[in-house]
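Source file upload.cif; content: mmCIF, C-alpha atoms.
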data_coords
#
loop_
_atom_site.label_atom_id
_atom_site.label_comp_id
_atom_site.auth_asym_id
_atom_site.auth_seq_id
_atom_site.Cartn_x
_atom_site.Cartn_y
_atom_site.Cartn_z
CA MET A 168 -4.23 -4.01 -113.82
CA GLY A 169 -6.00 -6.35 -111.37
CA VAL A 170 -9.43 -5.79 -112.90
CA LEU A 171 -8.02 -6.07 -116.42
CA ALA A 172 -6.25 -9.34 -115.61
CA THR A 173 -9.44 -10.80 -114.12
CA THR A 174 -11.52 -9.73 -117.12
CA LEU A 175 -9.01 -11.06 -119.66
CA ALA A 176 -8.80 -14.35 -117.74
CA PHE A 177 -12.56 -14.65 -118.08
CA LEU A 178 -12.46 -13.86 -121.78
CA LEU A 179 -9.66 -16.35 -122.48
CA ALA A 180 -11.02 -19.13 -120.27
CA PRO A 181 -11.92 -22.45 -121.91
CA ALA A 182 -15.54 -23.20 -122.81
CA GLY A 183 -17.65 -23.98 -119.80
CA ILE A 184 -20.37 -22.66 -117.57
CA ALA A 185 -19.46 -19.00 -118.04
CA ARG A 186 -18.51 -19.21 -121.69
CA ALA A 187 -20.29 -20.49 -124.78
CA ALA A 188 -18.61 -23.09 -127.00
CA ASP A 189 -18.37 -20.65 -129.92
CA GLY A 190 -16.26 -18.22 -127.90
CA VAL A 191 -19.01 -15.65 -127.39
CA PRO A 192 -19.06 -14.23 -123.82
CA VAL A 193 -22.62 -15.39 -123.12
CA PRO A 194 -23.84 -18.23 -120.85
CA PRO A 195 -24.39 -21.45 -122.83
CA ASN A 196 -27.59 -23.50 -122.92
CA THR A 197 -29.85 -20.47 -122.73
CA GLY A 198 -32.58 -22.14 -124.74
CA LEU A 199 -32.62 -19.24 -127.22
CA THR A 200 -33.41 -20.27 -130.80
CA ASP A 201 -32.03 -18.77 -134.01
CA ASP A 202 -34.51 -19.72 -136.73
CA GLY A 203 -35.43 -16.26 -137.97
CA ALA A 204 -38.92 -16.88 -136.62
CA GLY A 205 -41.19 -14.00 -135.67
CA SER A 206 -41.95 -10.57 -137.06
CA VAL A 207 -39.12 -8.07 -137.51
CA SER A 208 -39.84 -4.49 -136.43
CA ALA A 209 -38.20 -1.29 -137.61
CA ALA A 210 -36.44 -1.16 -134.22
CA ASP A 211 -35.10 -4.68 -134.78
CA LYS A 212 -33.64 -3.70 -138.16
CA ASP A 213 -32.11 -0.55 -136.68
CA PHE A 214 -30.50 -2.63 -133.93
CA VAL A 215 -28.93 -5.09 -136.39
CA ILE A 216 -27.57 -2.15 -138.41
CA LYS A 217 -26.15 -0.48 -135.29
CA VAL A 218 -24.33 -3.65 -134.24
CA ARG A 219 -22.66 -3.63 -137.65
CA LEU A 220 -21.80 0.06 -137.36
CA ALA A 221 -20.22 -0.51 -133.95
CA GLY A 222 -17.76 -2.96 -135.44
CA LEU A 223 -16.98 -0.73 -138.40
CA TRP A 224 -15.33 1.85 -136.16
CA GLU A 225 -14.36 -0.05 -133.01
CA ILE A 226 -12.29 -2.62 -134.93
CA PRO A 227 -10.04 0.03 -136.59
CA ALA A 228 -10.00 2.01 -133.32
CA GLY A 229 -8.67 -1.04 -131.48
CA ASN A 230 -6.10 -1.61 -134.19
CA MET A 231 -5.05 2.03 -133.91
CA ALA A 232 -4.51 1.53 -130.18
CA GLN A 233 -1.81 -1.02 -131.01
CA GLU A 234 0.05 1.60 -133.03
CA LYS A 235 -0.49 4.88 -131.17
CA SER A 236 -0.63 3.91 -127.49
CA ASP A 237 2.41 3.44 -125.29
CA ASP A 238 0.30 1.99 -122.48
CA ASP A 239 0.25 -1.81 -122.37
CA THR A 240 -3.15 -1.79 -120.66
CA VAL A 241 -4.73 0.34 -123.36
CA LYS A 242 -3.12 -1.83 -126.04
CA LYS A 243 -4.61 -4.99 -124.49
CA ILE A 244 -8.01 -3.32 -124.16
CA GLY A 245 -7.91 -2.27 -127.79
CA SER A 246 -6.78 -5.69 -128.98
CA THR A 247 -9.48 -7.52 -127.02
CA ILE A 248 -12.33 -5.21 -128.03
CA SER A 249 -11.26 -5.26 -131.67
CA ALA A 250 -11.08 -9.07 -131.76
CA GLN A 251 -14.43 -9.46 -130.04
CA HIS A 252 -16.09 -7.08 -132.49
CA VAL A 253 -14.82 -9.27 -135.32
CA ALA A 254 -16.68 -12.19 -133.68
CA LEU A 255 -19.80 -10.08 -133.04
CA ASP A 256 -19.75 -8.80 -136.61
CA LYS A 257 -19.89 -12.37 -137.93
CA LEU A 258 -22.94 -13.06 -135.78
CA ASP A 259 -24.56 -9.85 -136.97
CA LEU A 260 -23.88 -10.61 -140.64
CA ALA A 261 -25.49 -14.04 -140.25
CA VAL A 262 -28.65 -12.57 -138.73
CA ALA A 263 -28.84 -9.82 -141.36
CA LYS A 264 -28.55 -12.39 -144.16
CA LYS A 265 -31.22 -14.57 -142.59
CA LEU A 266 -33.64 -11.66 -142.20
CA GLY A 267 -32.78 -9.83 -145.44
CA ILE A 268 -31.44 -6.70 -143.73
CA GLN A 269 -29.07 -4.50 -145.73
CA LEU A 270 -25.97 -3.52 -143.73
CA PRO A 271 -23.55 -0.60 -144.19
CA ASN A 272 -19.90 -1.11 -145.05
CA LEU A 273 -18.58 2.21 -143.72
CA PRO A 274 -18.87 3.90 -140.30
CA ASN A 275 -21.33 6.77 -140.02
CA PRO A 276 -20.09 10.40 -140.00
CA ASP A 277 -19.96 10.59 -136.18
CA GLN A 278 -17.95 7.39 -135.92
CA GLN A 279 -15.57 8.49 -138.67
CA GLY A 280 -15.10 11.76 -136.80
CA TRP A 281 -14.07 9.85 -133.66
CA LEU A 282 -11.59 7.81 -135.68
CA ASP A 283 -10.18 11.00 -137.20
CA GLU A 284 -9.90 12.50 -133.70
CA MET A 285 -7.92 9.48 -132.50
CA ASP A 286 -5.68 9.53 -135.56
CA ALA A 287 -4.94 13.23 -135.04
CA ALA A 288 -4.05 12.87 -131.34
CA PRO A 289 -0.54 14.38 -131.06
CA THR A 290 0.64 12.24 -128.14
CA SER A 291 0.14 8.71 -126.90
CA LYS A 292 -1.48 9.95 -123.70
CA GLN A 293 -3.97 12.10 -125.58
CA PHE A 294 -4.81 9.20 -127.86
CA ASP A 295 -5.45 6.98 -124.84
CA GLN A 296 -7.88 9.50 -123.37
CA VAL A 297 -9.79 9.99 -126.61
CA TYR A 298 -9.91 6.25 -127.32
CA ILE A 299 -11.14 5.27 -123.86
CA ASP A 300 -13.68 8.09 -123.51
CA ARG A 301 -15.19 7.77 -126.99
CA LEU A 302 -15.64 4.02 -126.71
CA ARG A 303 -16.95 4.18 -123.14
CA ALA A 304 -19.54 6.82 -124.09
CA ALA A 305 -20.62 4.83 -127.16
CA HIS A 306 -21.06 1.63 -125.15
CA GLY A 307 -23.06 3.50 -122.53
CA LYS A 308 -25.48 4.74 -125.20
CA ILE A 309 -26.04 1.37 -126.88
CA PHE A 310 -26.38 -0.54 -123.58
CA PRO A 311 -30.00 0.48 -122.77
CA ALA A 312 -30.98 0.19 -126.45
CA ILE A 313 -29.86 -3.45 -126.47
CA ALA A 314 -31.90 -4.13 -123.33
CA THR A 315 -35.02 -2.71 -124.99
CA ILE A 316 -34.61 -4.95 -128.05
CA ARG A 317 -33.79 -8.00 -125.91
CA ALA A 318 -36.97 -7.49 -123.90
CA SER A 319 -39.36 -6.57 -126.72
CA THR A 320 -38.40 -8.20 -130.03
CA ARG A 321 -40.70 -10.83 -131.52
CA ASN A 322 -37.95 -12.35 -133.67
CA ASP A 323 -35.90 -15.17 -132.18
CA SER A 324 -32.70 -14.42 -134.14
CA VAL A 325 -32.76 -10.76 -133.12
CA ARG A 326 -33.44 -11.81 -129.53
CA LYS A 327 -30.39 -14.08 -129.48
CA LEU A 328 -28.21 -11.44 -131.13
CA ALA A 329 -29.32 -8.90 -128.51
CA GLN A 330 -28.46 -11.38 -125.75
CA GLN A 331 -24.98 -11.86 -127.22
CA ALA A 332 -24.41 -8.15 -127.91
CA ASN A 333 -25.42 -7.33 -124.34
CA GLN A 334 -22.68 -9.59 -122.99
CA PHE A 335 -20.12 -8.06 -125.34
CA VAL A 336 -21.04 -4.51 -124.32
CA MET A 337 -20.87 -5.26 -120.59
CA THR A 338 -17.47 -6.87 -121.09
CA HIS A 339 -16.20 -3.93 -123.12
CA MET A 340 -17.38 -1.34 -120.61
CA THR A 341 -15.56 -3.23 -117.87
CA LEU A 342 -12.39 -3.39 -119.96
CA LEU A 343 -12.52 0.32 -120.79
CA GLU A 344 -13.09 1.24 -117.15
CA SER A 345 -10.14 -0.94 -116.10
CA SER A 346 -7.90 1.64 -117.80
CA GLY A 347 -8.53 3.94 -114.83
CA ILE A 348 -8.81 7.04 -117.03
CA VAL A 349 -12.53 7.14 -117.90
CA GLU A 350 -13.85 10.68 -117.40
CA TYR A 351 -17.16 9.76 -115.78
CA GLY A 352 -18.12 13.40 -115.31
CA SER A 353 -18.40 13.84 -119.07
CA LEU A 354 -20.81 10.92 -119.51
CA PRO A 355 -24.55 11.64 -119.91
CA THR A 356 -26.58 11.45 -116.71
CA ALA A 357 -29.72 9.37 -116.29
CA PRO A 358 -33.03 11.20 -116.82
CA ALA A 359 -34.91 12.26 -113.70
CA PRO A 360 -37.61 9.81 -112.52
CA ALA A 361 -41.10 10.61 -113.75
CA ALA A 362 -43.21 12.51 -111.22
CA ALA A 363 -45.99 10.58 -109.51
CA THR A 364 -49.39 11.10 -111.10
CA GLY A 365 -52.84 11.30 -109.53
CA ALA A 366 -51.81 13.58 -106.66
CA GLY A 367 -54.30 15.98 -105.13
CA PRO A 368 -57.94 15.70 -103.94
CA VAL A 369 -60.42 13.79 -106.06
CA PRO A 370 -63.74 15.61 -106.61
CA VAL A 371 -66.88 13.85 -105.34
CA ASP A 372 -69.49 13.01 -107.97
CA ASN A 373 -72.69 13.38 -105.90
CA ALA A 374 -74.94 12.17 -108.71
CA MET A 375 -72.91 8.99 -109.07
CA LEU A 376 -73.08 8.32 -105.34
CA VAL A 377 -76.84 8.79 -105.29
CA ALA A 378 -77.28 6.47 -108.25
CA ALA A 379 -75.02 3.87 -106.68
CA SER A 380 -76.89 4.09 -103.41
CA SER A 381 -80.27 3.60 -105.08
CA SER A 382 -79.04 0.65 -107.14
CA GLY A 383 -77.69 -1.31 -104.25
CA GLY A 384 -74.44 0.48 -103.45
CA VAL A 385 -70.85 0.57 -104.70
CA PRO A 386 -69.05 -2.79 -104.45
CA GLY A 387 -66.78 -2.81 -101.45
CA VAL A 388 -68.24 0.42 -99.98
CA SER A 389 -70.84 0.29 -97.20
CA THR A 390 -74.02 2.32 -97.27
CA SER A 391 -72.98 4.20 -94.12
CA VAL A 392 -69.83 5.44 -95.86
CA ILE A 393 -71.86 6.67 -98.81
CA LEU A 394 -74.30 8.49 -96.52
CA LEU A 395 -71.40 10.05 -94.61
CA VAL A 396 -69.91 11.38 -97.86
CA LEU A 397 -73.30 12.74 -98.92
CA ALA A 398 -73.76 14.43 -95.56
CA GLY A 399 -70.34 16.04 -95.84
CA ALA A 400 -71.15 17.32 -99.30
CA LEU A 401 -74.47 18.73 -98.01
CA VAL A 402 -72.78 20.56 -95.14
CA ALA A 403 -70.17 21.97 -97.52
CA GLY A 404 -72.97 23.23 -99.75
CA VAL A 405 -74.83 24.92 -96.88
CA VAL A 406 -71.67 26.64 -95.62
CA THR A 407 -70.85 27.90 -99.11
CA THR A 408 -74.39 29.24 -99.54
CA MET A 409 -74.29 31.08 -96.17
CA ARG A 410 -70.98 32.71 -97.12
CA ILE A 411 -72.42 33.93 -100.41
CA PHE A 412 -75.39 35.55 -98.67
CA ARG A 413 -73.13 37.21 -96.06
CA THR A 414 -71.10 38.91 -98.72
CA ARG A 415 -74.17 40.46 -100.36
#
Write-out of the structure in structure tokens:
Amino acid sequence: MGVLATTLAFLLAPAGIARAADGVPVPPNTGLTDDGAGSVSAADKDFVIKVRLAGLWEIPAGNMAQEKSDDDTVKKIGSTISAQHVALDKLDLAVAKKLGIQLPNLPNPDQQGWLDEMDAAPTSKQFDQVYIDRLRAAHGKIFPAIATIRASTRNDSVRKLAQQANQFVMTHMTLLESSGIVEYGSLPTAPAPAAATGAGPVPVDNAMLVAASSSGGVPGVSTSVILLVLAGALVAGVVTTMRIFRTR
């Protein structure tokens, strides 16, 4: 309850440094423009559509929490997330209209399945678990996607929408986790870091070294180093030749 109270206090605080004048949980005076300027990529369009889809199922899910949950914390979480998605949806609709992007009016099959799962939950406790886990998993998936669009888009309206959506998603994840019942073990894990490349010995190109030596040397490498490498290669060649003759 302590975390929830702190988060809700932030959300309901008057406009100021930590809250934009339009009620969106994003710092004001960011300098971001919203003129529809800049090219719109396929990824940008997909992002705008996904923001719309998020509201199409999270708004009714939050409303359902008011009816099916007996937990005041879950009810408040549902009410807050639902109301904030109404605000985010208005921002998304404005951007879509400005950029000529067609938006859906129904949730996709996966989202409808989650809503059906919540509606079919036989008890309040089971509803709470399904509601919290489905929304927390969904927010975890969209979070890195928003960051990619925010960092890469060429369109100023999409950039601002991504900035705003990012703040909404962070707020919602915090709210959902304040329930204390998130099953973290069921969430996807991060992919393993990519292995370092370029490991192992680098073969010596003797012809290149000879050419470099005759043309004045390799920048940053002294002639003595080049000669030392050549000498080492020569010794290696002699040893290899002697071994071949011994085996015959």
Practice prompt. Rank nothing, just name the residue among A:Leu354, A:Ala318, A:Leu273, A:Leu266 nearest to Arg303 in chain A, using only C-alpha atoms.
Written response: A:Leu354
Discussion item. Would you compute the distance between CA of Gly307 in chain A and CA of Leu270 in chain A? Give it in Å to one decimal.
Written reply: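 Going from CA of Gly307 in chain A over to CA of Leu270 in chain A covers 22.5 Å.
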Discussion item. Which residues, named as in the file, does the PyMOL selection byres ((chain A and resi 228) around 9) pick out? Answer as a ChimeraX atom specification.
Written reply: /A:224-227,229-232,245,249,281-282,285-286,298,302
Worksheet, complete the sentence: Atom pair CA of Glu344 in chain A + CA of Gln251 in chain A, distance 16.8 Å
Item to complete: Could you jot down the CA of Gln278 in chain A to CA of Leu223 in chain A separation for me, Å, one decimal place?
Response: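 That distance, rounded to one decimal, is 8.5 Å.
Counting only C-alpha atoms, Ile299 in chain A has the following residues at most 8 Å away, ignoring those fewer than 3 positions along the same chain: Asp295, Gln296, Leu302, Arg303, Leu343, Ser346, Ile348 and Val349 of chain A.
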Worksheet item: Which residue gives the smallest distance to Arg326 in chain A among A:Pro311, A:Gly267, A:Gly198, A:Pro276, with only C-alpha atoms counted?
Response: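 The answer is A:Gly198, which sits nearest to Arg326 in chain A.
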Chain and number of each residue from the PyMOL selection byres ((chain A and resi 236) around 10), as an mmCIF file with C-alpha atoms, in the coordinates of the input:
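Result went into selection-v3.cif, see below:
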data_model
loop_
_atom_site.group_PDB
_atom_site.id
_atom_site.type_symbol
_atom_site.label_atom_id
_atom_site.label_comp_id
_atom_site.auth_asym_id
_atom_site.auth_seq_id
_atom_site.Cartn_x
_atom_site.Cartn_y
_atom_site.Cartn_z
ATOM 1 C CA MET A 231 -5.050 2.030 -133.910
ATOM 2 C CA ALA A 232 -4.510 1.530 -130.180
ATOM 3 C CA GLN A 233 -1.810 -1.020 -131.010
ATOM 4 C CA GLU A 234 0.050 1.600 -133.030
ATOM 5 C CA LYS A 235 -0.490 4.880 -131.170
ATOM 6 C CA ASP A 237 2.410 3.440 -125.290
ATOM 7 C CA ASP A 238 0.300 1.990 -122.480
ATOM 8 C CA ASP A 239 0.250 -1.810 -122.370
ATOM 9 C CA THR A 240 -3.150 -1.790 -120.660
ATOM 10 C CA VAL A 241 -4.730 0.340 -123.360
ATOM 11 C CA LYS A 242 -3.120 -1.830 -126.040
ATOM 12 C CA GLY A 245 -7.910 -2.270 -127.790
ATOM 13 C CA THR A 290 0.640 12.240 -128.140
ATOM 14 C CA SER A 291 0.140 8.710 -126.900
ATOM 15 C CA LYS A 292 -1.480 9.950 -123.700
ATOM 16 C CA GLN A 293 -3.970 12.100 -125.580
ATOM 17 C CA PHE A 294 -4.810 9.200 -127.860
ATOM 18 C CA ASP A 295 -5.450 6.980 -124.840
ATOM 19 C CA TYR A 298 -9.910 6.250 -127.320
#
Fill in: Pick from A:Thr356, A:Asp213, A:Asp300, A:Gln331 nearest to Arg317 in chain A, counting all atoms listed in the file
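Of the candidates, the smallest distance to Arg317 in chain A is held by A:Gln331.
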Worksheet item: Which neighbours of Val215 in chain A fall inside 7 Å, counting only C-alpha atoms, when residues of the same chain fewer than 4 positions from it are skipped, and could you give them as a list in words?
Response: Asp211, Arg219, Asp259 and Ala263 of chain A
Item to complete: Would you list the contacts of Gly205 in chain A as a list of chain:residue names, taking every protein, DNA or RNA residue within 7 Å and counting all atoms listed in the file, but skipping same-chain residues closer than 3 positions in sequence?
Response: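 Close residues of Gly205 in chain A: A:Arg321, A:Asn322, A:Asp323.
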Practice prompt. Considering all atoms listed in the file, state which residue in the set A:Ala362, A:Val262, A:Ile216, A:Ala357 is at the smallest distance from Leu328 in chain A.
Written response: A:Val262
Discussion item. Given the point (-33.1, -17.2, -133.8) in the file's coordinates, find the residues that have an atom at most 7 Å from it, counting all atoms listed in the file, and give them as a PyMOL selection string.
Written reply: chain A and resi 199-204+322-327
Practice prompt. Apply the PyMOL selection byres ((chain A and resi 306) around 12) to the structure shown and report the selected residues as a ChimeraX atom specification.
Written response: /A:217-218,221-222,225,248,299-305,307-313,332-344,354-355
Practice prompt. Check the smallest atom-to-atom distance from each of A:Leu260, A:Ala210, A:Leu220, A:Ala361 to Gln279 in chain A using only C-alpha atoms, then report the winner.
Written response: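 Under the stated criterion, the closest residue is A:Leu220.
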Completion of range 316-351 of chain A up to N, CA and C atoms, as a compact mmCIF listing (two decimals), in the coordinates of the input:
# COMPACT_ATOMS: atom_id res chain seq x y z
N ILE A 316 -34.40 -3.96 -126.99
CA ILE A 316 -34.61 -4.95 -128.05
C ILE A 316 -34.69 -6.36 -127.47
N ARG A 317 -33.79 -6.67 -126.54
CA ARG A 317 -33.79 -8.00 -125.91
C ARG A 317 -35.12 -8.30 -125.25
N ALA A 318 -35.73 -7.29 -124.65
CA ALA A 318 -36.97 -7.49 -123.90
C ALA A 318 -38.22 -7.45 -124.78
N SER A 319 -38.13 -6.83 -125.96
CA SER A 319 -39.36 -6.57 -126.72
C SER A 319 -39.46 -7.25 -128.08
N THR A 320 -38.33 -7.67 -128.68
CA THR A 320 -38.40 -8.20 -130.03
C THR A 320 -39.24 -9.46 -130.12
N ARG A 321 -39.91 -9.62 -131.26
CA ARG A 321 -40.70 -10.83 -131.52
C ARG A 321 -39.92 -11.85 -132.35
N ASN A 322 -38.74 -11.48 -132.82
CA ASN A 322 -37.95 -12.35 -133.67
C ASN A 322 -36.88 -13.09 -132.86
N ASP A 323 -36.81 -14.40 -133.02
CA ASP A 323 -35.90 -15.17 -132.18
C ASP A 323 -34.43 -14.92 -132.51
N SER A 324 -34.10 -14.68 -133.78
CA SER A 324 -32.70 -14.42 -134.14
C SER A 324 -32.23 -13.07 -133.61
N VAL A 325 -33.09 -12.07 -133.68
CA VAL A 325 -32.76 -10.76 -133.12
C VAL A 325 -32.63 -10.85 -131.61
N ARG A 326 -33.49 -11.64 -131.00
CA ARG A 326 -33.44 -11.81 -129.53
C ARG A 326 -32.10 -12.42 -129.11
N LYS A 327 -31.67 -13.44 -129.82
CA LYS A 327 -30.39 -14.08 -129.48
C LYS A 327 -29.23 -13.14 -129.72
N LEU A 328 -29.27 -12.39 -130.84
CA LEU A 328 -28.21 -11.44 -131.13
C LEU A 328 -28.13 -10.36 -130.04
N ALA A 329 -29.29 -9.91 -129.58
CA ALA A 329 -29.32 -8.90 -128.51
C ALA A 329 -28.73 -9.46 -127.22
N GLN A 330 -29.03 -10.73 -126.93
CA GLN A 330 -28.46 -11.38 -125.75
C GLN A 330 -26.93 -11.40 -125.86
N GLN A 331 -26.42 -11.78 -127.02
CA GLN A 331 -24.98 -11.86 -127.22
C GLN A 331 -24.34 -10.47 -127.18
N ALA A 332 -24.96 -9.51 -127.88
CA ALA A 332 -24.41 -8.15 -127.91
C ALA A 332 -24.37 -7.55 -126.51
N ASN A 333 -25.38 -7.85 -125.70
CA ASN A 333 -25.42 -7.33 -124.34
C ASN A 333 -24.21 -7.80 -123.55
N GLN A 334 -23.83 -9.07 -123.71
CA GLN A 334 -22.68 -9.59 -122.99
C GLN A 334 -21.38 -8.95 -123.49
N PHE A 335 -21.29 -8.73 -124.80
CA PHE A 335 -20.12 -8.06 -125.34
C PHE A 335 -19.98 -6.65 -124.76
N VAL A 336 -21.09 -5.90 -124.76
CA VAL A 336 -21.04 -4.51 -124.32
C VAL A 336 -20.66 -4.42 -122.84
N MET A 337 -21.24 -5.27 -122.00
CA MET A 337 -20.87 -5.26 -120.59
C MET A 337 -19.39 -5.56 -120.40
N THR A 338 -18.89 -6.53 -121.17
CA THR A 338 -17.47 -6.87 -121.09
C THR A 338 -16.59 -5.71 -121.52
N HIS A 339 -17.00 -5.03 -122.60
CA HIS A 339 -16.20 -3.93 -123.12
C HIS A 339 -16.20 -2.73 -122.18
N MET A 340 -17.35 -2.45 -121.57
CA MET A 340 -17.38 -1.34 -120.61
C MET A 340 -16.45 -1.62 -119.44
N THR A 341 -16.45 -2.86 -118.98
CA THR A 341 -15.56 -3.23 -117.87
C THR A 341 -14.10 -3.09 -118.27
N LEU A 342 -13.77 -3.53 -119.47
CA LEU A 342 -12.39 -3.39 -119.96
C LEU A 342 -11.98 -1.93 -120.05
N LEU A 343 -12.83 -1.11 -120.64
CA LEU A 343 -12.52 0.32 -120.79
C LEU A 343 -12.33 0.99 -119.44
N GLU A 344 -13.19 0.63 -118.49
CA GLU A 344 -13.09 1.24 -117.15
C GLU A 344 -11.86 0.75 -116.41
N SER A 345 -11.34 -0.43 -116.77
CA SER A 345 -10.14 -0.94 -116.10
C SER A 345 -8.91 -0.11 -116.45
N SER A 346 -9.03 0.77 -117.46
CA SER A 346 -7.90 1.64 -117.80
C SER A 346 -7.64 2.66 -116.69
N GLY A 347 -8.66 2.96 -115.91
CA GLY A 347 -8.53 3.94 -114.83
C GLY A 347 -8.55 5.38 -115.27
N ILE A 348 -8.86 5.64 -116.55
CA ILE A 348 -8.81 7.04 -117.03
C ILE A 348 -10.16 7.50 -117.61
N VAL A 349 -11.22 6.72 -117.40
CA VAL A 349 -12.53 7.14 -117.90
C VAL A 349 -12.95 8.42 -117.20
N GLU A 350 -13.36 9.42 -117.95
CA GLU A 350 -13.85 10.68 -117.40
C GLU A 350 -15.36 10.57 -117.19
N TYR A 351 -15.74 10.02 -116.04
CA TYR A 351 -17.16 9.76 -115.78
C TYR A 351 -17.99 11.04 -115.77
